[in-house]
>>> print(open('my_file-v1.cif').read())   # mmCIF, C-alpha atoms
data_protein
#
loop_
_atom_site.label_atom_id
_atom_site.label_comp_id
_atom_site.auth_asym_id
_atom_site.auth_seq_id
_atom_site.Cartn_x
_atom_site.Cartn_y
_atom_site.Cartn_z
CA MET N 201 12.04 4.69 13.21
CA ALA N 202 10.97 3.31 9.82
CA ILE N 203 13.58 5.32 7.93
CA ALA N 204 16.29 4.30 10.40
CA HIS N 205 15.45 0.67 9.63
CA GLY N 206 15.82 1.23 5.89
CA ALA N 207 12.29 1.96 4.71
CA ASP N 208 12.11 3.31 1.15
CA ALA N 209 8.63 4.71 1.71
CA LEU N 210 6.33 5.73 4.55
CA GLY N 211 2.64 4.85 4.39
CA LEU N 212 0.59 7.61 5.98
CA VAL N 213 -2.85 6.21 6.77
CA ALA N 214 -5.68 8.71 6.60
CA ARG N 215 -9.21 8.19 7.94
CA MET N 216 -10.36 4.63 7.25
CA PRO N 217 -13.53 2.62 7.92
CA SER N 218 -11.41 0.03 9.77
CA GLY N 219 -7.83 -1.04 10.42
CA PRO N 220 -4.85 0.21 12.44
CA GLY N 221 -2.78 3.35 12.29
CA PRO N 222 -4.93 6.22 10.95
CA ILE N 223 -3.67 9.74 11.61
CA ASP N 224 -5.23 13.11 10.85
CA ASP N 225 -4.48 14.97 7.64
CA ASP N 226 -2.55 17.77 9.37
CA THR N 227 -0.17 15.18 10.84
CA ILE N 228 0.19 13.52 7.43
CA ALA N 229 1.10 16.88 5.89
CA SER N 230 3.63 17.60 8.64
CA ILE N 231 5.33 14.24 8.20
CA ALA N 232 5.32 14.49 4.39
CA ALA N 233 6.98 17.91 4.61
CA ALA N 234 9.70 16.61 6.95
CA VAL N 235 10.63 13.37 5.17
CA PRO N 236 13.93 13.70 3.29
CA PRO N 237 14.34 12.57 -0.31
CA PRO N 238 14.50 9.96 -1.72
CA ILE N 239 12.04 8.47 0.80
CA ALA N 240 8.56 8.30 -0.73
CA THR N 241 5.51 9.49 1.17
CA PHE N 242 2.38 7.44 0.45
CA LEU N 243 -1.04 8.86 1.35
CA LEU N 244 -3.39 5.94 2.00
CA THR N 245 -6.80 7.31 1.11
CA CYS N 246 -10.21 5.65 1.00
CA GLU N 247 -11.66 8.49 -1.07
CA THR N 248 -13.03 7.31 -4.43
CA GLU N 249 -14.56 10.44 -5.99
CA PRO N 250 -12.10 12.23 -8.34
CA ARG N 251 -12.30 15.71 -6.81
CA ALA N 252 -12.09 14.33 -3.28
CA VAL N 253 -9.00 12.25 -4.09
CA VAL N 254 -7.26 15.20 -5.76
CA ALA N 255 -8.10 17.50 -2.83
CA HIS N 256 -6.85 14.92 -0.33
CA ALA N 257 -3.53 14.42 -2.11
CA ARG N 258 -3.01 18.14 -2.66
CA SER N 259 -3.77 19.10 0.96
CA THR N 260 -1.33 16.57 2.42
CA GLY N 261 1.62 17.30 0.12
CA VAL N 262 2.63 13.67 -0.40
CA ASN N 263 4.45 12.45 -3.50
CA THR N 264 2.44 9.22 -3.89
CA VAL N 265 -1.23 8.40 -3.43
CA GLN N 266 -2.26 4.85 -2.53
CA LEU N 267 -5.89 4.22 -3.43
CA VAL N 268 -6.97 1.55 -0.98
CA ASP N 269 -10.44 0.90 -2.41
CA ASP N 270 -10.08 -1.19 -5.56
CA SER N 271 -13.44 -0.03 -6.88
CA THR N 272 -11.79 3.29 -7.77
CA GLY N 273 -12.66 4.21 -11.36
CA PRO N 274 -10.36 5.44 -14.16
CA ASP N 275 -11.80 8.95 -13.78
CA VAL N 276 -9.80 9.24 -10.56
CA TYR N 277 -6.54 8.44 -12.34
CA SER N 278 -7.13 10.99 -15.09
CA ALA N 279 -8.14 13.64 -12.54
CA LEU N 280 -4.93 13.03 -10.58
CA ARG N 281 -2.78 13.10 -13.74
CA ASP N 282 -4.35 16.41 -14.81
CA ALA N 283 -4.22 18.14 -11.41
CA LEU N 284 -1.00 16.70 -9.95
CA PRO N 285 1.14 15.36 -12.82
CA ALA N 286 4.18 14.67 -10.61
CA LEU N 287 2.17 12.55 -8.17
CA ARG N 288 2.62 8.77 -8.41
CA ILE N 289 -0.48 6.58 -8.28
CA VAL N 290 -0.53 3.20 -6.53
CA GLN N 291 -3.74 1.20 -6.79
CA VAL N 292 -4.49 -1.44 -4.18
CA VAL N 293 -6.08 -4.67 -5.40
CA HIS N 294 -7.56 -6.92 -2.73
CA VAL N 295 -6.76 -10.48 -3.81
CA VAL N 296 -9.76 -12.69 -3.09
CA ASP N 297 -9.96 -15.12 -6.03
CA ARG N 298 -9.04 -15.50 -9.72
CA SER N 299 -11.16 -12.49 -10.67
CA SER N 300 -8.63 -10.37 -8.79
CA VAL N 301 -5.98 -11.28 -11.37
CA ASP N 302 -8.10 -9.97 -14.24
CA HIS N 303 -8.98 -6.87 -12.25
CA ALA N 304 -5.32 -6.14 -11.49
CA LEU N 305 -4.22 -6.62 -15.09
CA LYS N 306 -6.93 -4.24 -16.29
CA LEU N 307 -5.76 -1.53 -13.88
CA ALA N 308 -2.00 -1.99 -14.32
CA PRO N 309 -1.59 0.16 -17.48
CA LEU N 310 -3.43 3.05 -15.81
CA VAL N 311 -1.27 3.45 -12.69
CA ASP N 312 2.37 3.66 -11.61
CA ALA N 313 2.20 0.54 -9.42
CA LEU N 314 -0.17 -2.02 -7.96
CA LEU N 315 -0.26 -3.13 -4.33
CA LEU N 316 -1.77 -6.54 -3.59
CA ASP N 317 -3.52 -6.74 -0.22
CA SER N 318 -5.98 -8.92 1.68
CA GLY N 319 -8.87 -6.62 2.49
CA ASN N 320 -12.57 -7.03 1.83
CA PRO N 321 -14.15 -3.84 0.45
CA ALA N 322 -17.52 -5.66 0.23
CA ALA N 323 -17.73 -6.29 4.00
CA ALA N 324 -20.40 -4.52 6.04
CA VAL N 325 -17.57 -2.44 7.50
CA ARG N 326 -15.17 -2.12 4.59
CA GLU N 327 -11.76 -3.69 5.15
CA LEU N 328 -9.25 -1.72 3.08
CA GLY N 329 -5.99 -2.93 4.63
CA GLY N 330 -4.33 -3.75 7.91
CA THR N 331 -6.24 -7.01 8.32
CA GLY N 332 -3.22 -9.16 9.19
CA ARG N 333 -4.49 -11.80 6.74
CA VAL N 334 -2.42 -13.53 4.06
CA HIS N 335 -3.97 -14.11 0.65
CA ASP N 336 -3.16 -16.61 -2.12
CA TRP N 337 0.44 -15.82 -3.11
CA GLY N 338 0.03 -17.94 -6.24
CA LEU N 339 -2.45 -15.40 -7.58
CA SER N 340 -0.11 -12.58 -6.57
CA ARG N 341 2.77 -14.23 -8.41
CA GLU N 342 0.66 -14.44 -11.57
CA ILE N 343 -0.10 -10.73 -11.33
CA VAL N 344 3.60 -9.92 -10.84
CA LEU N 345 4.50 -11.93 -13.94
CA ARG N 346 1.79 -10.44 -16.15
CA ALA N 347 1.30 -6.84 -14.98
CA GLU N 348 2.68 -3.91 -16.94
CA CYS N 349 3.86 -2.06 -13.83
CA PRO N 350 5.70 -2.70 -10.56
CA VAL N 351 3.76 -4.73 -8.00
CA PHE N 352 4.05 -4.46 -4.21
CA LEU N 353 2.95 -7.27 -1.90
CA ALA N 354 1.04 -6.66 1.34
CA GLY N 355 -1.28 -8.66 3.55
CA GLY N 356 -0.27 -10.35 6.80
CA LEU N 357 3.48 -10.01 6.27
CA ASN N 358 5.63 -10.46 9.37
CA PRO N 359 9.14 -11.58 10.36
CA SER N 360 8.21 -15.27 10.19
CA ASN N 361 6.74 -15.31 6.68
CA ILE N 362 8.47 -12.55 4.74
CA ARG N 363 11.19 -14.75 3.24
CA GLY N 364 8.58 -17.22 1.99
CA ALA N 365 6.46 -14.40 0.62
CA VAL N 366 9.31 -12.88 -1.35
CA ALA N 367 10.40 -16.29 -2.66
CA ALA N 368 6.85 -17.15 -3.75
CA VAL N 369 5.85 -13.82 -5.30
CA SER N 370 9.05 -11.91 -6.27
CA PRO N 371 7.37 -8.54 -5.76
CA PHE N 372 8.92 -5.17 -6.59
CA GLY N 373 8.61 -4.32 -2.89
CA VAL N 374 6.70 -5.20 0.25
CA ASP N 375 4.28 -3.23 2.38
CA LEU N 376 3.71 -3.95 6.05
CA CYS N 377 1.51 -2.69 8.83
CA GLY N 378 0.08 -4.93 11.55
CA GLY N 379 2.98 -7.38 11.49
CA VAL N 380 5.31 -4.78 13.01
CA ARG N 381 2.90 -3.20 15.50
CA THR N 382 2.18 -3.83 19.16
CA ASN N 383 -1.02 -2.39 20.64
CA GLY N 384 -1.48 -0.38 17.45
CA ARG N 385 1.94 1.29 17.55
CA LEU N 386 5.04 0.66 15.45
CA ASP N 387 7.29 -1.75 17.36
CA GLY N 388 11.03 -1.26 16.89
CA ALA N 389 11.89 -4.84 17.89
CA LYS N 390 9.41 -6.32 15.42
CA LEU N 391 10.59 -3.94 12.71
CA SER N 392 14.21 -4.97 13.31
CA ALA N 393 13.25 -8.63 13.15
CA PHE N 394 11.33 -8.06 9.92
CA VAL N 395 14.24 -6.27 8.23
CA ALA N 396 16.69 -8.95 9.41
CA ALA N 397 14.46 -11.71 8.04
CA LEU N 398 13.92 -9.86 4.76
CA HIS N 399 17.66 -9.50 4.17
CA ALA N 400 18.73 -12.87 5.56
CA ARG N 401 20.81 -15.01 3.20
CA GLY N 402 19.91 -18.56 2.34
#
>>> encode(input="my_file-v1.cif", output="structure tokens")
Amino acid sequence: MAIAHGADALGLVARMPSGPGPIDDDTIASIAAAVPPPIATFLLTCETEPRAVVAHARSTGVNTVQLVDDSTGPDVYSALRDALPALRIVQVVHVVDRSSVDHALKLAPLVDALLLDSGNPAAAVRELGGTGRVHDWGLSREIVLRAECPVFLAGGLNPSNIRGAVAAVSPFGVDLCGGVRTNGRLDGAKLSAFVAALHARG
């Protein structure tokens, strides 16, 4: 359904402490193996230990790993580069205040892309995405302007706000989850409305 609506990438959500859409690793591997090029397959992993992240990416056969915990250390990046040199690395940064800008700019040279989201890794139950919340797009715009890599925008995007989000932030791409789901499942009508709004003129 996502590919039919023009998606350039599929986000395959592995086990998470919270949020919608997780699927088991065998299903992720099956989908990744079936997706035709040039569609990217993103493994969303909450693993933070280098060997665990490498093992997770290798076992699922994806071409991109999205590290959803922004406390991930540089040892993870070097381990991924050494073990899986063709794998692309996307680091999520949860935009909470001005410190998030500095954090993002420090990480940008180490990864292939950043993804700006609205989670709260410090919560009692870590929120690592899929919250449906919008963050401060002004901070996101600053990161886009200053970062040394492509920047994706996520966080509460839906058919009613996507045009404003793109106008405000000018991201490389957008990432969506809850805004196109109904009862936890991808909703074709909402996805169609999102794509139509994204590509609307004027």
>>> atom_distance(input="my_file-v1.cif", atom1="atom CA of Arg346 of chain N", atom2="atom CA of Ser300 of chain N")
12.8 Å
>>> axis_aligned_box(input="my_file-v1.cif", around="segment 249-262 of chain N", padding_each_side="3 Å", output="lines of an AutoDock Vina configuration file")
center_x = -6.0
center_y = 14.8
center_z = -3.0
size_x = 23.2
size_y = 14.7
size_z = 16.8
>>> resolve_selection(input="my_file-v1.cif", expression="the PyMOL selection byres ((chain N and resi 248-253) around 8)", output="list in words")
Thr245, Cys246, Glu247, Val254, Ala255, His256, Ala257, Leu267, Asp269, Ser271, Thr272, Gly273, Asp275, Val276, Tyr277, Ala279 and Leu280 of chain N
>>> closest_residue(input="my_file-v1.cif", among="N:Gly356, N:Ser340, N:Ala393, N:Ile223", to="Ala368 of chain N", atoms="all atoms listed in the file")
N:Ser340
>>> residues_around(input="my_file-v1.cif", residues="segment 310-314 of chain N", least_positions_apart="2", cutoff="12 Å", atoms="only C-alpha atoms", output="PyMOL selection string")
chain N and resi 264-268+270+272-278+280-281+285-295+300-301+303-308+316-317+340+343-344+346-354+371-375
>>> residues_around(input="my_file-v1.cif", residues="Leu210 of chain N", least_positions_apart="5", cutoff="12 Å", atoms="all atoms listed in the file", output="PyMOL selection string")
chain N and resi 201-205+228+231-232+234-244+262-266+374-377
>>> atom_distance(input="my_file-v1.cif", atom1="atom CA of Asn383 of chain N", atom2="atom CA of Val296 of chain N")
27.3 Å
>>> closest_residue(input="my_file-v1.cif", among="N:Ser299, N:Asn361, N:Ser259, N:Ser370", to="Ala229 of chain N", atoms="only C-alpha atoms")
N:Ser259
>>> resolve_selection(input="my_file-v1.cif", expression="the PyMOL selection byres ((chain N and resi 378) around 8)", output="PyMOL selection string")
chain N and resi 220+330-332+356+376-377+379-382+384
>>> atom_distance(input="my_file-v1.cif", atom1="atom CA of His399 of chain N", atom2="atom CA of Gly319 of chain N")
26.7 Å
